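Reproduced below: coords-v4.txt, with compact mmCIF, C-alpha atoms.
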```txt
# COMPACT_ATOMS: atom_id res chain seq x y z
CA MET Q 1 28.19 -100.06 18.81
CA ASN Q 2 29.40 -96.75 19.99
CA THR Q 3 28.19 -96.18 23.60
CA GLU Q 4 29.62 -92.72 23.99
CA SER Q 5 26.97 -90.09 24.67
CA LYS Q 6 26.93 -87.07 22.55
CA LYS Q 7 28.54 -84.17 24.30
CA LYS Q 8 27.04 -80.72 23.81
CA GLU Q 9 29.56 -78.30 22.47
CA TRP Q 10 29.81 -74.81 23.91
CA LYS Q 11 29.16 -72.14 21.35
CA TRP Q 12 31.79 -69.43 21.85
CA PRO Q 13 29.90 -66.73 19.96
CA LEU Q 14 26.88 -67.28 22.24
CA GLY Q 15 29.09 -67.04 25.35
CA ILE Q 16 30.70 -63.83 24.17
CA PHE Q 17 27.27 -62.36 23.39
CA LEU Q 18 25.89 -63.30 26.85
CA MET Q 19 28.92 -61.80 28.63
CA TYR Q 20 28.62 -58.60 26.59
CA MET Q 21 24.87 -58.29 27.33
CA THR Q 22 25.50 -58.90 31.05
CA PHE Q 23 28.10 -56.12 31.07
CA VAL Q 24 25.83 -53.69 29.20
CA THR Q 25 22.86 -54.47 31.49
CA ALA Q 26 24.96 -54.00 34.64
CA THR Q 27 26.32 -50.70 33.32
CA LEU Q 28 22.83 -49.40 32.50
CA VAL Q 29 21.51 -50.42 35.93
CA PHE Q 30 24.41 -48.60 37.61
CA VAL Q 31 23.86 -45.44 35.52
CA VAL Q 32 20.12 -45.38 36.32
CA PHE Q 33 20.88 -45.95 40.00
CA THR Q 34 23.38 -43.07 40.17
CA PHE Q 35 21.06 -40.62 38.42
CA THR Q 36 18.18 -41.37 40.79
CA GLN Q 37 20.24 -40.64 43.96
CA ARG Q 38 19.57 -37.31 45.68
CA THR Q 39 22.59 -35.13 46.46
CA ASP Q 40 22.44 -32.50 49.19
CA LEU Q 41 24.78 -29.57 48.78
CA VAL Q 42 25.56 -27.23 51.64
CA VAL Q 43 24.52 -24.37 49.35
CA GLU Q 44 23.18 -24.56 45.80
CA ASN Q 45 25.26 -21.67 44.44
CA TYR Q 46 28.54 -22.58 46.11
CA TYR Q 47 30.73 -20.85 43.49
CA GLU Q 48 29.13 -17.44 44.10
CA LYS Q 49 29.44 -18.00 47.86
CA THR Q 50 33.20 -18.58 47.57
CA LEU Q 51 33.63 -15.21 45.89
CA THR Q 52 32.19 -13.42 48.93
CA TYR Q 53 33.67 -15.69 51.61
CA GLN Q 54 35.91 -12.93 53.03
CA ASP Q 55 32.74 -10.97 53.89
CA HIS Q 56 31.49 -14.03 55.77
CA ILE Q 57 34.78 -14.24 57.69
CA ASP Q 58 34.52 -10.55 58.59
CA ARG Q 59 30.95 -10.98 59.88
CA ALA Q 60 32.03 -13.94 62.04
CA GLN Q 61 34.99 -11.94 63.40
CA ASN Q 62 32.66 -9.04 64.24
CA ALA Q 63 30.54 -11.43 66.32
CA LEU Q 64 33.63 -12.76 68.10
CA ASN Q 65 34.77 -9.22 68.92
CA LEU Q 66 31.56 -8.32 70.79
CA LYS Q 67 32.08 -7.31 74.43
CA VAL Q 68 29.02 -9.32 75.47
CA PRO Q 69 28.81 -12.40 73.24
CA PHE Q 70 25.75 -13.54 71.31
CA ARG Q 71 24.39 -16.81 72.76
CA VAL Q 72 22.13 -19.64 71.66
CA GLU Q 73 20.59 -21.50 74.59
CA ARG Q 74 18.35 -24.53 74.44
CA ARG Q 75 15.42 -24.44 76.84
CA GLU Q 76 12.86 -27.17 77.46
CA SER Q 77 10.53 -26.34 74.57
CA TYR Q 78 12.31 -23.60 72.63
CA VAL Q 79 15.65 -22.22 71.48
CA ASP Q 80 16.53 -18.83 72.97
CA LEU Q 81 18.67 -16.48 70.89
CA ILE Q 82 20.20 -13.86 73.19
CA PHE Q 83 21.68 -10.70 71.66
CA PRO Q 84 23.95 -8.24 73.52
CA PRO Q 85 22.05 -5.28 75.02
CA ASP Q 86 24.16 -2.64 73.24
CA LEU Q 87 23.16 -4.11 69.86
CA VAL Q 88 19.49 -4.22 70.84
CA GLU Q 89 19.53 -0.46 71.43
CA LEU Q 90 20.78 0.09 67.86
CA GLY Q 91 18.17 -2.23 66.37
CA ILE Q 92 18.68 -5.72 64.97
CA SER Q 93 17.61 -7.18 61.64
CA GLY Q 94 18.59 -10.43 59.98
CA GLU Q 95 17.70 -14.10 59.82
CA VAL Q 96 18.16 -17.39 61.60
CA VAL Q 97 18.79 -20.54 59.58
CA PHE Q 98 18.39 -23.96 61.14
CA TYR Q 99 20.60 -26.01 58.84
CA ARG Q 100 20.23 -29.79 58.86
CA PRO Q 101 23.47 -31.34 57.55
CA SER Q 102 21.87 -34.72 56.89
CA ASP Q 103 18.83 -33.49 54.93
CA SER Q 104 18.56 -30.11 53.23
CA LEU Q 105 14.79 -30.53 52.85
CA LEU Q 106 14.43 -29.99 56.62
CA ASP Q 107 16.27 -26.62 56.67
CA LYS Q 108 14.24 -23.79 58.22
CA THR Q 109 14.70 -20.02 58.00
CA PHE Q 110 13.20 -17.49 60.41
CA PRO Q 111 13.42 -13.68 60.32
CA LEU Q 112 14.92 -12.03 63.38
CA ASP Q 113 12.27 -10.50 65.61
CA THR Q 114 13.70 -9.86 69.07
CA ASP Q 115 11.91 -8.51 72.12
CA ARG Q 116 13.10 -5.44 74.06
CA GLU Q 117 15.62 -7.49 76.06
CA GLY Q 118 17.20 -8.92 72.90
CA HIS Q 119 15.70 -12.41 73.09
CA GLN Q 120 14.08 -14.38 70.30
CA MET Q 121 12.44 -17.70 71.09
CA ILE Q 122 11.96 -20.37 68.44
CA PRO Q 123 9.79 -23.37 69.36
CA LEU Q 124 11.47 -26.78 69.15
CA ALA Q 125 8.18 -28.27 67.92
CA GLU Q 126 8.98 -26.86 64.46
CA LEU Q 127 12.21 -28.89 64.25
CA GLN Q 128 12.76 -32.62 63.78
CA PRO Q 129 14.95 -34.48 66.30
CA GLY Q 130 18.61 -34.67 65.35
CA MET Q 131 21.69 -32.53 64.73
CA TRP Q 132 21.18 -28.91 63.65
CA LYS Q 133 23.47 -25.98 62.95
CA VAL Q 134 21.98 -22.66 64.06
CA GLN Q 135 23.34 -19.98 61.72
CA VAL Q 136 22.44 -16.40 62.68
CA THR Q 137 23.23 -13.48 60.38
CA TRP Q 138 22.29 -10.03 61.64
CA ASN Q 139 22.92 -6.33 61.12
CA SER Q 140 23.03 -3.77 63.92
CA GLY Q 141 24.15 -0.18 63.61
CA GLY Q 142 25.48 -0.72 60.09
CA THR Q 143 27.75 -3.62 61.12
CA GLU Q 144 27.06 -7.17 59.98
CA TYR Q 145 27.54 -10.19 62.26
CA PHE Q 146 27.44 -13.98 61.88
CA SER Q 147 27.38 -16.75 64.45
CA GLU Q 148 27.01 -20.51 64.13
CA SER Q 149 26.18 -22.96 66.91
CA ASN Q 150 25.46 -26.68 67.05
CA LEU Q 151 22.15 -27.85 68.48
CA PHE Q 152 21.06 -31.42 69.14
CA ILE Q 153 17.37 -32.11 69.60
CA ARG Q 154 16.32 -35.39 71.19
CA GLN Q 155 12.94 -37.00 70.70
```

Represent the structure from my file as structure tokens, please.
Amino acid sequence: MNTESKKKEWKWPLGIFLMYMTFVTATLVFVVFTFTQRTDLVVENYYEKTLTYQDHIDRAQNALNLKVPFRVERRESYVDLIFPPDLVELGISGEVVFYRPSDSLLDKTFPLDTDREGHQMIPLAELQPGMWKVQVTWNSGGTEYFSESNLFIRQ
């Protein structure tokens, strides 16, 4: 009598098929995963912005050349934007962008509306805690200016 047990043979075509299906499934899962991830760009139309970047540099240089500098100061419950008095006399128009580098959905834009002393106060209650970039673009007397400051809001 033969006491040897029957040994199951491995089917190579089945092994190749299973490896191929595992590879295809893993690839499809990876592709679906990558397409469902949200990507935050600094600006949506970055190519058009690069074409006018020299204008942006000129606005920033204009702000640096001011005799009395523009300031952003954090108070207890608000952010105080302080414009130089000589620009206030000429009139100021523009906008303030609170840019959140970690989440573009939290970005906030406010129109400039200063008082007679050149102050604009923006309540901190409208902003989530975290790191913000305060980007101010304004026009006064036909000259454009730009300033950017970092602001950290704690809980």

Please identify all polymer residues within 7 Å of segment 137-143 of chain Q, counting all atoms listed in the file, omitting same-chain residues fewer than 5 positions from it, and present them as a count of residues only. 8

Go ahead and compute the interatomic distance for atom CA of Val136 of chain Q and atom CA of Tyr99 of chain Q, in Å to one decimal. 10.5 Å

Would you list the contacts of Arg154 of chain Q as an NGL selection string, taking every protein, DNA or RNA residue within 9 Å and counting all atoms listed in the file, but skipping same-chain residues closer than 5 positions in sequence? :Q and (128-131)

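For the atom pair formed by atom CA of Lys133 of chain Q and atom CA of Asn150 of chain Q, the distance is 4.6 Å, given to one decimal.
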
Within 6 Å of segment 79-85 of chain Q using only C-alpha atoms, minus same-chain residues under 3 positions, as an mmCIF file with C-alpha atoms, in the coordinates of the input:
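Okay, this is what ended up in part.cif:
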```cif
data_model
loop_
_atom_site.group_PDB
_atom_site.id
_atom_site.type_symbol
_atom_site.label_atom_id
_atom_site.label_comp_id
_atom_site.auth_asym_id
_atom_site.auth_seq_id
_atom_site.Cartn_x
_atom_site.Cartn_y
_atom_site.Cartn_z
ATOM 1 C CA VAL Q 68 29.020 -9.320 75.470
ATOM 2 C CA PHE Q 70 25.750 -13.540 71.310
ATOM 3 C CA ARG Q 71 24.390 -16.810 72.760
ATOM 4 C CA VAL Q 72 22.130 -19.640 71.660
ATOM 5 C CA GLU Q 73 20.590 -21.500 74.590
ATOM 6 C CA ARG Q 74 18.350 -24.530 74.440
ATOM 7 C CA ARG Q 75 15.420 -24.440 76.840
ATOM 8 C CA VAL Q 88 19.490 -4.220 70.840
ATOM 9 C CA GLY Q 118 17.200 -8.920 72.900
ATOM 10 C CA HIS Q 119 15.700 -12.410 73.090
ATOM 11 C CA GLN Q 120 14.080 -14.380 70.300
ATOM 12 C CA MET Q 121 12.440 -17.700 71.090
ATOM 13 C CA ILE Q 122 11.960 -20.370 68.440
#
```

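Closest approach to Gln155 of chain Q among Q:Glu117, Q:Glu76, Q:Glu89, Q:Asp103 is made by Q:Glu76 (distances from all atoms listed in the file).
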
As a CSV table (one decimal), in the coordinates of the input, the rebuilt segment 108-129 of chain Q with N, CA and C atoms:
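As written to disk, part-v1.csv reads:
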```csv
chain,number,residue,atom,x,y,z
Q,108,LYS,N,15.3,-24.8,57.9
Q,108,LYS,CA,14.2,-23.8,58.2
Q,108,LYS,C,14.9,-22.4,58.4
Q,109,THR,N,14.2,-21.4,57.9
Q,109,THR,CA,14.7,-20.0,58.0
Q,109,THR,C,13.6,-19.2,58.7
Q,110,PHE,N,14.1,-18.4,59.7
Q,110,PHE,CA,13.2,-17.5,60.4
Q,110,PHE,C,13.8,-16.1,60.4
Q,111,PRO,N,12.9,-15.1,60.2
Q,111,PRO,CA,13.4,-13.7,60.3
Q,111,PRO,C,13.7,-13.3,61.8
Q,112,LEU,N,14.6,-12.5,62.0
Q,112,LEU,CA,14.9,-12.0,63.4
Q,112,LEU,C,13.8,-11.1,63.8
Q,113,ASP,N,13.3,-11.3,65.0
Q,113,ASP,CA,12.3,-10.5,65.6
Q,113,ASP,C,12.4,-10.6,67.1
Q,114,THR,N,13.4,-9.8,67.7
Q,114,THR,CA,13.7,-9.9,69.1
Q,114,THR,C,12.8,-9.0,69.9
Q,115,ASP,N,12.7,-9.4,71.2
Q,115,ASP,CA,11.9,-8.5,72.1
Q,115,ASP,C,12.8,-7.4,72.6
Q,116,ARG,N,12.3,-6.6,73.6
Q,116,ARG,CA,13.1,-5.4,74.1
Q,116,ARG,C,14.4,-5.8,74.8
Q,117,GLU,N,14.4,-7.0,75.4
Q,117,GLU,CA,15.6,-7.5,76.1
Q,117,GLU,C,16.6,-8.2,75.1
Q,118,GLY,N,16.3,-8.3,73.8
Q,118,GLY,CA,17.2,-8.9,72.9
Q,118,GLY,C,17.1,-10.4,72.8
Q,119,HIS,N,15.9,-11.0,73.2
Q,119,HIS,CA,15.7,-12.4,73.1
Q,119,HIS,C,14.8,-12.7,71.9
Q,120,GLN,N,15.0,-13.8,71.3
Q,120,GLN,CA,14.1,-14.4,70.3
Q,120,GLN,C,13.9,-15.9,70.6
Q,121,MET,N,12.7,-16.3,70.7
Q,121,MET,CA,12.4,-17.7,71.1
Q,121,MET,C,11.8,-18.4,69.9
Q,122,ILE,N,12.4,-19.6,69.6
Q,122,ILE,CA,12.0,-20.4,68.4
Q,122,ILE,C,11.5,-21.7,69.0
Q,123,PRO,N,10.3,-22.1,68.8
Q,123,PRO,CA,9.8,-23.4,69.4
Q,123,PRO,C,10.5,-24.6,68.8
Q,124,LEU,N,10.8,-25.5,69.6
Q,124,LEU,CA,11.5,-26.8,69.2
Q,124,LEU,C,10.5,-27.7,68.4
Q,125,ALA,N,9.2,-27.4,68.6
Q,125,ALA,CA,8.2,-28.3,67.9
Q,125,ALA,C,8.3,-28.2,66.4
Q,126,GLU,N,8.9,-27.1,65.9
Q,126,GLU,CA,9.0,-26.9,64.5
Q,126,GLU,C,10.2,-27.6,63.9
Q,127,LEU,N,11.0,-28.2,64.7
Q,127,LEU,CA,12.2,-28.9,64.2
Q,127,LEU,C,12.2,-30.4,64.5
Q,128,GLN,N,12.7,-31.2,63.6
Q,128,GLN,CA,12.8,-32.6,63.8
Q,128,GLN,C,13.9,-32.9,64.7
Q,129,PRO,N,13.8,-34.1,65.4
Q,129,PRO,CA,15.0,-34.5,66.3
Q,129,PRO,C,16.2,-34.7,65.5
```
